[in-house]
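Undergrad: Please find one structure pasted underneath; my questions will follow.
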Amino acid sequence: MSPREGAFVTETEISVTAADGRDFAAYLSVPPSGHGPGLLVLPEIYNANKHIRGVADGFAAEGFVALAPDVYWRLEHGAYLPYTAEGQARARALNKRLDLDRLIADLGACATTLRGRPECHGKVGGIGFCLGGKLAYLCAARLDVDAAVSYYGVKIEAFLDEADNVTCPLLLHFAGNDSHVPPDAVAAVRARLTDKSNVTIHVYTGAEHGFNRAGYPPYDAASAKLARVRSLDLLERALS
């Protein structure tokens, strides 16, 4: 069976065709109604693992057609990694080899695929965590998404020259105690984006990087709940 014949399709995955004609896998979760706005769920460096698929299921339960792509497919298909020392080492090694420009183009293919599916009513947003938080920002800057939400996005400050390209609603969540996104990085992002009326920034005092990762430290239930309310409010308004 060739990739174009469905080599990467399972009961919960679909194939997405990249601009170069190659296919890659993405986890699809459809709301109980069977239809709704599209939402790219962009992972931490551990890729679209069990936790991120659960996050996609959670947004599907809220009415979104959620799609969580395999972000490392050009390096290694199906590298969905656990929260272990070995998983972290592999994730960091893969992350260092990412071609970010090609990945954003692949995410554009995901958005196009979502828009073309019968379950999706047309509008598509993105939400991401850590690595995915940076990807969500870059989707807002480079792709035709209708909204984006970033949780503790790493290295966004390195891409602030693209801020003027962000015209859709963008929500940025940062942890107040985050060694991966230190205060000076948050300050740089705030200084560059705070005057943009379409951008909202929240900092969760005392929360740590990964505060939304339910079931794993350093999960912070109060911060995660408040960030989710704010995220759903933006996504529902922008994508409805």
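Quick note on naming: the chains in the structure tokens go A, B, ... in the order shown, residues restart at 1 in each chain, and ligands are numbered from 1 in order of appearance.
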Please, which residues of stretch 5-155 of chain A, numbered as in this document, come out alpha helix (DSSP H) from DSSP, as a ChimeraX atom specification?

TA: /A:50-61,85-96,100-116,131-142

Undergrad: For the residues selected in the previous step, produce a file with N, CA and C atoms as a compact mmCIF listing (two decimals), in the first residue's frame.

TA:
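As a result, part_1.txt now contains:
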```
# COMPACT_ATOMS: atom_id res chain seq x y z
N LYS A 50 -0.12 10.72 23.80
CA LYS A 50 -1.41 10.41 24.41
C LYS A 50 -2.02 11.63 25.09
N HIS A 51 -1.20 12.40 25.79
CA HIS A 51 -1.72 13.59 26.46
C HIS A 51 -2.28 14.59 25.47
N ILE A 52 -1.54 14.91 24.43
CA ILE A 52 -2.00 15.90 23.45
C ILE A 52 -3.25 15.39 22.72
N ARG A 53 -3.32 14.11 22.48
CA ARG A 53 -4.55 13.56 21.88
C ARG A 53 -5.72 13.72 22.83
N GLY A 54 -5.45 13.59 24.12
CA GLY A 54 -6.50 13.84 25.09
C GLY A 54 -6.93 15.30 25.10
N VAL A 55 -5.96 16.20 24.91
CA VAL A 55 -6.29 17.62 24.80
C VAL A 55 -7.18 17.85 23.58
N ALA A 56 -6.83 17.21 22.46
CA ALA A 56 -7.66 17.33 21.26
C ALA A 56 -9.06 16.80 21.52
N ASP A 57 -9.17 15.68 22.22
CA ASP A 57 -10.49 15.13 22.56
C ASP A 57 -11.27 16.11 23.43
N GLY A 58 -10.58 16.79 24.35
CA GLY A 58 -11.24 17.76 25.20
C GLY A 58 -11.82 18.92 24.41
N PHE A 59 -11.08 19.40 23.42
CA PHE A 59 -11.61 20.48 22.59
C PHE A 59 -12.70 19.98 21.65
N ALA A 60 -12.61 18.72 21.23
CA ALA A 60 -13.70 18.15 20.44
C ALA A 60 -14.98 18.10 21.27
N ALA A 61 -14.85 17.77 22.54
CA ALA A 61 -16.03 17.74 23.41
C ALA A 61 -16.66 19.12 23.56
N ALA A 85 12.64 10.40 31.03
CA ALA A 85 13.97 10.92 30.69
C ALA A 85 14.35 10.53 29.26
N GLU A 86 14.06 9.29 28.89
CA GLU A 86 14.38 8.85 27.53
C GLU A 86 13.53 9.59 26.50
N GLY A 87 12.24 9.75 26.82
CA GLY A 87 11.37 10.48 25.91
C GLY A 87 11.81 11.92 25.75
N GLN A 88 12.21 12.53 26.83
CA GLN A 88 12.68 13.92 26.78
C GLN A 88 13.94 14.04 25.94
N ALA A 89 14.87 13.09 26.08
CA ALA A 89 16.10 13.13 25.31
C ALA A 89 15.83 13.00 23.81
N ARG A 90 14.96 12.07 23.46
CA ARG A 90 14.60 11.92 22.04
C ARG A 90 13.87 13.14 21.52
N ALA A 91 12.98 13.69 22.33
CA ALA A 91 12.23 14.87 21.92
C ALA A 91 13.17 16.05 21.66
N ARG A 92 14.10 16.27 22.55
CA ARG A 92 15.03 17.38 22.37
C ARG A 92 15.90 17.18 21.13
N ALA A 93 16.33 15.95 20.89
CA ALA A 93 17.14 15.68 19.71
C ALA A 93 16.36 15.93 18.42
N LEU A 94 15.10 15.49 18.39
CA LEU A 94 14.27 15.72 17.21
C LEU A 94 13.97 17.20 17.04
N ASN A 95 13.68 17.87 18.13
CA ASN A 95 13.35 19.29 18.07
C ASN A 95 14.51 20.11 17.49
N LYS A 96 15.74 19.74 17.83
CA LYS A 96 16.91 20.45 17.31
C LYS A 96 17.05 20.30 15.80
N LEU A 100 11.86 24.46 10.76
CA LEU A 100 10.68 25.17 11.23
C LEU A 100 9.85 25.72 10.07
N ASP A 101 10.51 26.22 9.05
CA ASP A 101 9.78 26.78 7.91
C ASP A 101 8.95 25.70 7.20
N ARG A 102 9.54 24.52 7.03
CA ARG A 102 8.80 23.43 6.39
C ARG A 102 7.66 22.97 7.28
N LEU A 103 7.90 22.96 8.59
CA LEU A 103 6.84 22.53 9.51
C LEU A 103 5.66 23.48 9.44
N ILE A 104 5.90 24.79 9.41
CA ILE A 104 4.78 25.73 9.33
C ILE A 104 4.03 25.52 8.02
N ALA A 105 4.75 25.26 6.94
CA ALA A 105 4.08 24.95 5.67
C ALA A 105 3.23 23.68 5.80
N ASP A 106 3.74 22.69 6.52
CA ASP A 106 2.97 21.46 6.75
C ASP A 106 1.72 21.75 7.58
N LEU A 107 1.84 22.65 8.53
CA LEU A 107 0.67 23.02 9.32
C LEU A 107 -0.34 23.77 8.47
N GLY A 108 0.14 24.51 7.47
CA GLY A 108 -0.78 25.12 6.50
C GLY A 108 -1.56 24.06 5.75
N ALA A 109 -0.89 22.96 5.41
CA ALA A 109 -1.59 21.85 4.76
C ALA A 109 -2.63 21.24 5.70
N CYS A 110 -2.32 21.19 7.00
CA CYS A 110 -3.30 20.69 7.97
C CYS A 110 -4.52 21.60 8.02
N ALA A 111 -4.30 22.92 8.01
CA ALA A 111 -5.42 23.86 8.04
C ALA A 111 -6.27 23.71 6.79
N THR A 112 -5.63 23.54 5.65
CA THR A 112 -6.37 23.35 4.40
C THR A 112 -7.17 22.06 4.45
N THR A 113 -6.56 21.01 4.98
CA THR A 113 -7.26 19.73 5.10
C THR A 113 -8.48 19.86 6.00
N LEU A 114 -8.31 20.54 7.13
CA LEU A 114 -9.45 20.74 8.04
C LEU A 114 -10.58 21.49 7.34
N ARG A 115 -10.24 22.57 6.66
CA ARG A 115 -11.27 23.37 5.99
C ARG A 115 -12.02 22.56 4.94
N GLY A 116 -11.36 21.58 4.36
CA GLY A 116 -11.99 20.78 3.32
C GLY A 116 -12.78 19.59 3.81
N LEU A 131 6.61 24.12 22.52
CA LEU A 131 6.93 24.18 21.09
C LEU A 131 5.68 24.57 20.31
N GLY A 132 4.56 23.93 20.63
CA GLY A 132 3.31 24.23 19.94
C GLY A 132 2.83 25.65 20.17
N GLY A 133 3.21 26.24 21.32
CA GLY A 133 2.86 27.63 21.56
C GLY A 133 3.57 28.55 20.59
N LYS A 134 4.84 28.26 20.31
CA LYS A 134 5.56 29.00 19.28
C LYS A 134 4.94 28.77 17.91
N LEU A 135 4.59 27.52 17.64
CA LEU A 135 3.97 27.20 16.35
C LEU A 135 2.64 27.92 16.17
N ALA A 136 1.86 28.04 17.25
CA ALA A 136 0.58 28.75 17.16
C ALA A 136 0.81 30.21 16.79
N TYR A 137 1.81 30.84 17.42
CA TYR A 137 2.15 32.23 17.08
C TYR A 137 2.56 32.33 15.61
N LEU A 138 3.40 31.41 15.14
CA LEU A 138 3.86 31.47 13.75
C LEU A 138 2.73 31.15 12.77
N CYS A 139 1.79 30.31 13.17
CA CYS A 139 0.61 30.10 12.33
C CYS A 139 -0.16 31.40 12.17
N ALA A 140 -0.29 32.15 13.27
CA ALA A 140 -0.98 33.44 13.20
C ALA A 140 -0.24 34.42 12.31
N ALA A 141 1.09 34.34 12.30
CA ALA A 141 1.90 35.28 11.52
C ALA A 141 2.00 34.88 10.05
N ARG A 142 1.98 33.58 9.76
CA ARG A 142 2.30 33.12 8.40
C ARG A 142 1.15 32.45 7.67
```

Undergrad: Please give the complete set of residues from stretch 42-213 of chain A that DSSP, run on the backbone, assigns to strand (DSSP E), formatted as a ChimeraX atom specification.

TA: /A:42,65-69,120-129,147-151,170-177,199-208

Undergrad: Using only C-alpha atoms, which of the listed residues (A:Ala147, A:Ala66, A:Cys130, A:Leu39) sits closest to A:Asn212?

TA: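 Closest to A:Asn212, using only C-alpha atoms: A:Cys130.
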
Undergrad: Got a sec: who's within 8 Å of stretch 192-203 of chain A, counting only C-alpha atoms, leaving out chain neighbours fewer than 2 positions off, as a list in words?

TA: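 Counting only the stated atoms, we get Leu160, Ala163, Thr167, Cys168, Pro169, Leu170, Leu171, Leu172, His173, Phe174, Ala175, Gly176, Ala188, Val189, Arg190 and Thr205 of chain A.
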
Undergrad: Name the residues in contact with A:Leu75 at a cut-off of 10 Å, using only C-alpha atoms, excluding same-chain residues fewer than 3 positions from it; report them as a short mmCIF file (atom, residue, chain, number, x, y, z; two decimals) with C-alpha atoms, in the first residue's frame.

TA:
```
data_model
loop_
_atom_site.label_atom_id
_atom_site.label_comp_id
_atom_site.auth_asym_id
_atom_site.auth_seq_id
_atom_site.Cartn_x
_atom_site.Cartn_y
_atom_site.Cartn_z
CA VAL A 71 5.22 17.34 13.80
CA TYR A 72 8.33 15.13 13.46
CA GLY A 78 5.08 8.32 14.71
CA ALA A 79 7.58 9.58 17.28
CA LEU A 94 14.27 15.72 17.21
CA ASN A 95 13.35 19.29 18.07
CA ARG A 97 16.63 18.96 13.83
CA LEU A 98 13.27 20.50 12.95
CA ASP A 99 13.05 22.57 9.79
#
```

Undergrad: Closest to A:Arg74 among A:Val149, A:Ala18, A:Val124, A:Val41, using only C-alpha atoms?

TA: A:Ala18

Undergrad: Pick from A:Pro183, A:Val16, A:Ser223, A:His121: nearest to A:Tyr151, with only C-alpha atoms counted?

TA: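 Answer, going by the shortest atom-to-atom distance: A:Ser223.
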